[in-house]
$ cat protein_11.cif   # mmCIF, C-alpha atoms and all ligand atoms
data_work
loop_
_atom_site.group_PDB
_atom_site.id
_atom_site.type_symbol
_atom_site.label_atom_id
_atom_site.label_comp_id
_atom_site.auth_asym_id
_atom_site.auth_seq_id
_atom_site.Cartn_x
_atom_site.Cartn_y
_atom_site.Cartn_z
ATOM 1 C CA ARG A 1 16.060 6.458 0.356
ATOM 2 C CA ARG A 2 12.686 8.094 0.836
ATOM 3 C CA LEU A 3 9.245 6.625 1.241
ATOM 4 C CA VAL A 4 6.139 8.813 1.113
ATOM 5 C CA LEU A 5 3.325 8.159 3.597
ATOM 6 C CA ALA A 6 0.294 8.816 1.384
ATOM 7 C CA THR A 7 -2.067 9.976 4.121
ATOM 8 C CA ARG A 8 -3.159 13.327 5.549
ATOM 9 C CA ASN A 9 -4.481 11.716 8.727
ATOM 10 C CA GLN A 10 -1.949 12.700 11.417
ATOM 11 C CA HIS A 11 -3.055 9.841 13.713
ATOM 12 C CA LYS A 12 -2.187 7.383 10.976
ATOM 13 C CA VAL A 13 1.130 9.165 10.336
ATOM 14 C CA SER A 14 2.237 8.784 13.945
ATOM 15 C CA GLU A 15 1.152 5.128 14.111
ATOM 16 C CA LEU A 16 2.897 4.385 10.800
ATOM 17 C CA ARG A 17 6.121 6.064 11.929
ATOM 18 C CA ALA A 18 6.155 3.852 15.029
ATOM 19 C CA ILE A 19 5.169 0.625 13.234
ATOM 20 C CA LEU A 20 7.564 1.045 10.286
ATOM 21 C CA GLY A 21 10.326 2.331 12.582
ATOM 22 C CA ASP A 22 9.998 -0.729 14.840
ATOM 23 C CA ALA A 23 10.082 -2.940 11.718
ATOM 24 C CA GLY A 24 13.605 -1.633 11.133
ATOM 25 C CA LEU A 25 13.024 -0.031 7.732
ATOM 26 C CA ASP A 26 16.085 2.017 6.831
ATOM 27 C CA VAL A 27 14.162 4.702 4.909
ATOM 28 C CA GLU A 28 13.256 8.333 5.456
ATOM 29 C CA LEU A 29 9.490 8.554 5.937
ATOM 30 C CA VAL A 30 8.011 11.696 4.375
ATOM 31 C CA GLY A 31 4.423 12.681 5.140
ATOM 32 C CA ALA A 32 2.024 13.707 2.359
ATOM 33 C CA ASP A 33 1.899 17.110 4.087
ATOM 34 C CA ALA A 34 5.311 17.752 2.499
ATOM 35 C CA TYR A 35 3.436 17.872 -0.832
ATOM 36 C CA PRO A 36 0.491 20.256 -0.283
ATOM 37 C CA GLU A 37 0.263 20.910 -4.039
ATOM 38 C CA ILE A 38 -0.732 17.313 -4.782
ATOM 39 C CA PRO A 39 -4.548 16.980 -4.692
ATOM 40 C CA ASP A 40 -6.211 14.173 -2.749
ATOM 41 C CA VAL A 41 -7.303 11.344 -5.025
ATOM 42 C CA PRO A 42 -11.045 10.519 -4.865
ATOM 43 C CA GLU A 43 -11.558 7.236 -2.987
ATOM 44 C CA THR A 44 -13.702 5.616 -5.665
ATOM 45 C CA GLY A 45 -12.769 2.002 -4.903
ATOM 46 C CA THR A 46 -15.228 -0.509 -3.493
ATOM 47 C CA THR A 47 -12.728 -2.175 -1.133
ATOM 48 C CA PHE A 48 -10.066 -1.069 1.359
ATOM 49 C CA ALA A 49 -7.413 -2.572 -0.937
ATOM 50 C CA GLU A 50 -8.612 -0.651 -4.009
ATOM 51 C CA ASN A 51 -8.687 2.637 -2.118
ATOM 52 C CA ALA A 52 -5.255 2.093 -0.562
ATOM 53 C CA LEU A 53 -3.800 1.365 -4.014
ATOM 54 C CA LEU A 54 -5.466 4.482 -5.496
ATOM 55 C CA LYS A 55 -3.877 6.659 -2.789
ATOM 56 C CA ALA A 56 -0.426 5.044 -3.053
ATOM 57 C CA HIS A 57 -0.307 5.245 -6.879
ATOM 58 C CA ALA A 58 -1.412 8.900 -6.889
ATOM 59 C CA LEU A 59 1.432 9.940 -4.567
ATOM 60 C CA ALA A 60 4.048 7.732 -6.227
ATOM 61 C CA ARG A 61 3.173 9.122 -9.659
ATOM 62 C CA ALA A 62 3.089 12.745 -8.504
ATOM 63 C CA THR A 63 6.302 12.635 -6.420
ATOM 64 C CA GLY A 64 8.382 10.116 -8.363
ATOM 65 C CA LEU A 65 9.012 8.361 -5.037
ATOM 66 C CA PRO A 66 7.788 5.055 -3.630
ATOM 67 C CA ALA A 67 4.633 5.583 -1.568
ATOM 68 C CA VAL A 68 2.657 3.613 0.982
ATOM 69 C CA ALA A 69 -1.010 4.237 1.770
ATOM 70 C CA ASP A 70 -3.500 3.057 4.367
ATOM 71 C CA ASP A 71 -7.216 2.601 3.834
ATOM 72 C CA SER A 72 -9.020 1.421 6.907
ATOM 73 C CA GLY A 73 -12.253 1.397 8.837
ATOM 74 C CA LEU A 74 -14.626 -0.277 11.248
ATOM 75 C CA CYS A 75 -16.805 -3.146 10.009
ATOM 76 C CA VAL A 76 -19.816 -3.976 12.200
ATOM 77 C CA ASP A 77 -21.240 -7.500 11.938
ATOM 78 C CA VAL A 78 -24.899 -6.580 12.494
ATOM 79 C CA LEU A 79 -24.571 -3.807 9.856
ATOM 80 C CA ASN A 80 -23.161 -6.269 7.284
ATOM 81 C CA GLY A 81 -19.740 -4.619 7.429
ATOM 82 C CA ALA A 82 -20.768 -0.942 7.529
ATOM 83 C CA PRO A 83 -19.415 1.705 8.005
ATOM 84 C CA GLY A 84 -16.498 -0.128 6.295
ATOM 85 C CA ILE A 85 -14.878 1.994 3.585
ATOM 86 C CA PHE A 86 -17.228 4.853 4.572
ATOM 87 C CA SER A 87 -15.926 4.988 8.167
ATOM 88 C CA ALA A 88 -14.272 8.415 7.813
ATOM 89 C CA ARG A 89 -17.490 10.090 6.589
ATOM 90 C CA TRP A 90 -20.248 7.993 8.197
ATOM 91 C CA ALA A 91 -22.012 11.062 9.631
ATOM 92 C CA GLY A 92 -21.468 13.150 6.481
ATOM 93 C CA LYS A 93 -18.380 15.307 7.080
ATOM 94 C CA HIS A 94 -15.065 13.610 6.274
ATOM 95 C CA GLY A 95 -12.926 13.037 9.341
ATOM 96 C CA ASP A 96 -15.449 14.140 11.989
ATOM 97 C CA ASP A 97 -14.512 11.277 14.333
ATOM 98 C CA ARG A 98 -16.829 12.286 17.163
ATOM 99 C CA ALA A 99 -19.911 12.671 14.962
ATOM 100 C CA ASN A 100 -19.167 9.376 13.200
ATOM 101 C CA LEU A 101 -18.846 7.509 16.498
ATOM 102 C CA GLU A 102 -21.990 9.069 17.981
ATOM 103 C CA LEU A 103 -24.080 8.284 14.907
ATOM 104 C CA LEU A 104 -22.908 4.671 14.919
ATOM 105 C CA LEU A 105 -23.726 4.248 18.626
ATOM 106 C CA ALA A 106 -27.197 5.723 18.030
ATOM 107 C CA GLN A 107 -27.797 3.341 15.133
ATOM 108 C CA LEU A 108 -26.683 0.346 17.198
ATOM 109 C CA SER A 109 -28.878 1.332 20.138
ATOM 110 C CA ASP A 110 -31.903 0.687 17.906
ATOM 111 C CA ILE A 111 -30.812 -2.835 16.952
ATOM 112 C CA ALA A 112 -30.972 -5.982 19.071
ATOM 113 C CA ASP A 113 -27.452 -7.453 18.825
ATOM 114 C CA PRO A 114 -26.267 -9.289 21.942
ATOM 115 C CA HIS A 115 -22.899 -10.131 20.357
ATOM 116 C CA ARG A 116 -21.934 -6.633 19.191
ATOM 117 C CA GLY A 117 -19.169 -8.110 17.032
ATOM 118 C CA ALA A 118 -17.035 -5.859 14.830
ATOM 119 C CA HIS A 119 -13.524 -5.548 13.483
ATOM 120 C CA PHE A 120 -11.106 -2.879 12.341
ATOM 121 C CA ALA A 121 -9.696 -3.520 8.868
ATOM 122 C CA CYS A 122 -6.648 -2.003 7.199
ATOM 123 C CA ALA A 123 -5.236 -2.351 3.699
ATOM 124 C CA ALA A 124 -1.589 -1.309 3.404
ATOM 125 C CA ALA A 125 -0.510 -0.551 -0.161
ATOM 126 C CA LEU A 126 2.907 0.115 -1.677
ATOM 127 C CA ALA A 127 3.253 1.713 -5.108
ATOM 128 C CA LEU A 128 6.407 2.551 -7.048
ATOM 129 C CA PRO A 129 6.583 5.325 -9.687
ATOM 130 C CA ASP A 130 6.916 2.624 -12.392
ATOM 131 C CA GLY A 131 3.495 1.205 -11.445
ATOM 132 C CA THR A 132 4.667 -1.757 -9.370
ATOM 133 C CA GLU A 133 2.159 -2.390 -6.579
ATOM 134 C CA ARG A 134 1.662 -4.593 -3.541
ATOM 135 C CA VAL A 135 -1.165 -4.653 -1.005
ATOM 136 C CA VAL A 136 -1.667 -6.582 2.247
ATOM 137 C CA GLU A 137 -4.442 -6.494 4.841
ATOM 138 C CA GLY A 138 -4.798 -6.773 8.581
ATOM 139 C CA ARG A 139 -7.769 -6.918 10.922
ATOM 140 C CA LEU A 140 -8.492 -6.555 14.613
ATOM 141 C CA PRO A 141 -11.630 -8.382 15.834
ATOM 142 C CA GLY A 142 -13.525 -7.247 18.898
ATOM 143 C CA THR A 143 -16.817 -6.185 20.411
ATOM 144 C CA LEU A 144 -18.460 -2.770 20.545
ATOM 145 C CA ARG A 145 -19.082 -0.954 23.819
ATOM 146 C CA THR A 146 -22.369 0.907 24.287
ATOM 147 C CA ALA A 147 -20.488 4.023 25.472
ATOM 148 C CA PRO A 148 -17.042 5.402 24.598
ATOM 149 C CA ALA A 149 -14.089 4.854 26.974
ATOM 150 C CA GLY A 150 -10.523 6.157 26.787
ATOM 151 C CA ASP A 151 -8.677 9.145 25.323
ATOM 152 C CA GLY A 152 -5.997 7.452 23.212
ATOM 153 C CA GLY A 153 -5.952 6.682 19.527
ATOM 154 C CA PHE A 154 -8.583 8.170 17.194
ATOM 155 C CA GLY A 155 -11.756 7.406 15.294
ATOM 156 C CA TYR A 156 -13.733 4.496 16.690
ATOM 157 C CA ASP A 157 -11.018 3.449 19.185
ATOM 158 C CA PRO A 158 -13.127 4.404 22.260
ATOM 159 C CA ILE A 159 -15.818 1.822 21.383
ATOM 160 C CA LEU A 160 -13.848 -1.163 20.031
ATOM 161 C CA GLN A 161 -12.744 -3.649 22.688
ATOM 162 C CA PRO A 162 -10.366 -6.176 21.096
ATOM 163 C CA LEU A 163 -11.132 -9.864 21.689
ATOM 164 C CA GLY A 164 -9.333 -11.004 24.849
ATOM 165 C CA GLU A 165 -8.986 -7.415 26.138
ATOM 166 C CA SER A 166 -10.904 -5.729 28.947
ATOM 167 C CA ARG A 167 -9.973 -2.254 27.652
ATOM 168 C CA THR A 168 -10.985 -0.371 24.523
ATOM 169 C CA CYS A 169 -8.382 0.533 21.909
ATOM 170 C CA ALA A 170 -8.493 4.093 23.265
ATOM 171 C CA GLU A 171 -7.440 2.774 26.699
ATOM 172 C CA LEU A 172 -4.379 0.967 25.331
ATOM 173 C CA THR A 173 -0.996 2.666 25.065
ATOM 174 C CA ALA A 174 0.113 3.514 21.534
ATOM 175 C CA ASP A 175 2.577 0.596 21.621
ATOM 176 C CA GLU A 176 -0.080 -1.821 22.915
ATOM 177 C CA LYS A 177 -2.471 -0.787 20.139
ATOM 178 C CA ASN A 178 0.176 -1.050 17.406
ATOM 179 C CA ALA A 179 1.189 -4.527 18.627
ATOM 180 C CA ILE A 180 -2.268 -5.971 17.881
ATOM 181 C CA SER A 181 -3.962 -3.521 15.530
ATOM 182 C CA HIS A 182 -5.157 -3.993 11.965
ATOM 183 C CA ARG A 183 -2.643 -1.289 10.952
ATOM 184 C CA GLY A 184 0.223 -2.912 12.851
ATOM 185 C CA GLN A 185 -0.482 -6.291 11.254
ATOM 186 C CA ALA A 186 -0.795 -4.892 7.733
ATOM 187 C CA PHE A 187 2.300 -2.676 7.808
ATOM 188 C CA ARG A 188 4.477 -5.256 9.576
ATOM 189 C CA ALA A 189 3.570 -7.592 6.698
ATOM 190 C CA LEU A 190 4.320 -4.868 4.127
ATOM 191 C CA ALA A 191 7.701 -3.881 5.634
ATOM 192 C CA PRO A 192 9.755 -6.764 4.156
ATOM 193 C CA VAL A 193 8.097 -6.139 0.789
ATOM 194 C CA VAL A 194 9.153 -2.483 0.959
ATOM 195 C CA ARG A 195 12.679 -3.557 1.903
ATOM 196 C CA GLU A 196 12.836 -5.965 -1.033
ATOM 197 C CA LEU A 197 11.401 -3.635 -3.690
ATOM 198 C CA LEU A 198 13.360 -0.549 -2.605
ATOM 199 C CA GLY A 199 16.535 -2.615 -2.571
HETATM 200 P P1 LIG B 201 -6.253 9.255 4.442
HETATM 201 O O1 LIG B 201 -7.228 8.788 3.388
HETATM 202 O O2 LIG B 201 -5.615 10.571 4.131
HETATM 203 O O3 LIG B 201 -5.261 8.208 4.809
HETATM 204 P P2 LIG B 201 -8.583 9.156 6.191
HETATM 205 O O4 LIG B 201 -8.776 9.500 7.627
HETATM 206 O O5 LIG B 201 -9.513 9.759 5.193
HETATM 207 O O6 LIG B 201 -7.069 9.522 5.818
HETATM 208 P P3 LIG B 201 -9.644 6.491 5.605
HETATM 209 O O7 LIG B 201 -10.409 6.920 4.406
HETATM 210 O O8 LIG B 201 -8.865 5.217 5.522
HETATM 211 O O9 LIG B 201 -8.568 7.582 6.050
HETATM 212 O O10 LIG B 201 -10.662 6.399 6.834
HETATM 213 C C1 LIG B 201 -10.285 5.802 8.020
HETATM 214 C C2 LIG B 201 -11.379 5.961 9.064
HETATM 215 O O11 LIG B 201 -11.598 4.683 9.680
HETATM 216 C C3 LIG B 201 -10.948 6.890 10.193
HETATM 217 O O12 LIG B 201 -11.470 8.184 9.985
HETATM 218 C C4 LIG B 201 -11.542 6.251 11.420
HETATM 219 O O13 LIG B 201 -12.851 6.689 11.578
HETATM 220 C C5 LIG B 201 -11.564 4.772 11.080
HETATM 221 N N1 LIG B 201 -10.343 4.102 11.566
HETATM 222 C C6 LIG B 201 -9.313 3.622 10.813
HETATM 223 N N2 LIG B 201 -8.346 3.134 11.584
HETATM 224 C C7 LIG B 201 -8.741 3.308 12.850
HETATM 225 C C8 LIG B 201 -8.155 3.024 14.091
HETATM 226 O O14 LIG B 201 -6.937 2.495 14.182
HETATM 227 N N3 LIG B 201 -8.831 3.323 15.189
HETATM 228 C C9 LIG B 201 -10.055 3.882 15.117
HETATM 229 N N4 LIG B 201 -10.675 4.205 13.990
HETATM 230 C C10 LIG B 201 -10.026 3.906 12.851
HETATM 231 NA NA NA B 202 -11.450 5.412 2.824
#
$ encode --input "protein_11.cif" --output "structure tokens" --more "lines below"
Ligand code: ITT
Ligand code: NA
Amino acid sequence: RRLVLATRNQHKVSELRAILGDAGLDVELVGADAYPEIPDVPETGTTFAENALLKAHALARATGLPAVADDSGLCVDVLNGAPGIFSARWAGKHGDDRANLELLLAQLSDIADPHRGAHFACAAALALPDGTERVVEGRLPGTLRTAPAGDGGFGYDPILQPLGESRTCAELTADEKNAISHRGQAFRALAPVVRELLG
């Protein structure tokens, strides 16, 4: 049995392979890169869950295979949840992680916020070719550093320090991050649903 990972973000692909592999799913995980002819669906939803479902349905419909998708981002308390669903293109160009992180740090340096609270959020969606859908969410609360630290992970990992941690997400090992992350929580919750619906 095959399951399509409906993402073109290679950092997500490697985290999802580890998380779903550890969850003991007996399926062949196929990246969306195996289907270059399928266009990206516009992320027109207003929530992580809506966008994850849009991406999963698009791949399931186009491939005729079950598909899972991830929509995720960083939500900053003092910015009322921004960048949120706009995390991947906060500085304008989609997927420019460094520019996004630098713009956010510059914006926060102008705001008095002693708490610097924020969380990563992830919606994990499953869609079947017949339209069946499920979505679950996970989140990782923490505080924001004033300067990046660490080389691991991707995106905003160098500035998010999980609650109870002295390191940023980019200073954790991949396994340590997956054990606590928004993505780990969401896809560990989705795994039994995948197992049940794929039979
Ligand atoms: P797909 O839509 O193809 O899956 P994408 O990178 O466009 O890939 P999103 O729209 O969900 O995915 O945007 C996710 C952004 O949120 C990502 O670019 C990072 O900036 C941020 N992000 C998500 N998860 C993260 C994590 O675990 N660590 C750090 N930043 C993360
Ligand atoms: Na998105």
$ residues_around --input "protein_11.cif" --residues "region 26-37 of chain A" --least-positions-apart "4" --cutoff "10 Å" --atoms "all atoms listed in the file" --output "ChimeraX atom specification"
/A:1-10,13-14,16-17,20-21,59,62-63,67-69,194-195,198
$ resolve_selection --input "protein_11.cif" --expression "the PyMOL selection byres (((not hetatm)) within 8 of (chain B and resi 202))" --output "JSON, numbers by chain"
{"A": [43, 48, 51, 52, 71, 72, 73, 85, 86, 87, 88]}
$ write_last_selection --input "protein_11.cif" --atoms "C-alpha atoms" --output "CSV table (one decimal), in the coordinates of the input"
chain,number,residue,atom,x,y,z
A,43,GLU,CA,-11.6,7.2,-3.0
A,48,PHE,CA,-10.1,-1.1,1.4
A,51,ASN,CA,-8.7,2.6,-2.1
A,52,ALA,CA,-5.3,2.1,-0.6
A,71,ASP,CA,-7.2,2.6,3.8
A,72,SER,CA,-9.0,1.4,6.9
A,73,GLY,CA,-12.3,1.4,8.8
A,85,ILE,CA,-14.9,2.0,3.6
A,86,PHE,CA,-17.2,4.9,4.6
A,87,SER,CA,-15.9,5.0,8.2
A,88,ALA,CA,-14.3,8.4,7.8
$ axis_aligned_box --input "protein_11.cif" --around "region 31-49 of chain A" --padding-each-side "8 Å" --output "lines of an AutoDock Vina configuration file"
center_x = -5.0
center_y = 9.2
center_z = -0.3
size_x = 36.5
size_y = 39.5
size_z = 26.8
$ atom_distance --input "protein_11.cif" --atom1 "CA of Val193 (chain A)" --atom2 "CA of Ile19 (chain A)"
14.5 Å
$ closest_residue --input "protein_11.cif" --among "A:Pro129, A:Gly142, A:Gly184, A:Gly199" --to "Arg61 (chain A)" --atoms "all atoms listed in the file"
A:Pro129
$ closest_residue --input "protein_11.cif" --among "A:Leu101, A:Val135, A:Ala112, A:Ala189" --to "ligand LIG 201 (chain B)" --atoms "only C-alpha atoms and all ligand atoms"
A:Leu101
$ atom_distance --input "protein_11.cif" --atom1 "CA of Lys55 (chain A)" --atom2 "CA of Leu144 (chain A)"
29.1 Å
$ residues_around --input "protein_11.cif" --residues "Ala191 (chain A)" --least-positions-apart "5" --cutoff "9 Å" --atoms "all atoms listed in the file" --output "list in words"
Leu20, Ala23, Gly24, Leu25, Ala186 and Glu196 of chain A
$ resolve_selection --input "protein_11.cif" --expression "the PyMOL selection byres (((chain A and resi 171-179) around 8) and not hetatm)" --output "list in words"
Glu15, Ile19, Ala149, Gly150, Asp151, Gly152, Gly153, Pro158, Arg167, Thr168, Cys169, Ala170, Ile180, Ser181, Arg183, Gly184 and Gln185 of chain A
$ closest_residue --input "protein_11.cif" --among "A:Leu108, A:Ala60, A:Leu128, A:Leu160" --to "ligand LIG 201 (chain B)" --atoms "all atoms listed in the file"
A:Leu160
$ atom_distance --input "protein_11.cif" --atom1 "atom O10 of ligand LIG 201 (chain B)" --atom2 "CA of Thr146 (chain A)"
21.7 Å
$ closest_residue --input "protein_11.cif" --among "A:Arg188, A:His182, A:Arg145, A:His57" --to "ligand LIG 201 (chain B)" --atoms "all atoms listed in the file"
A:His182
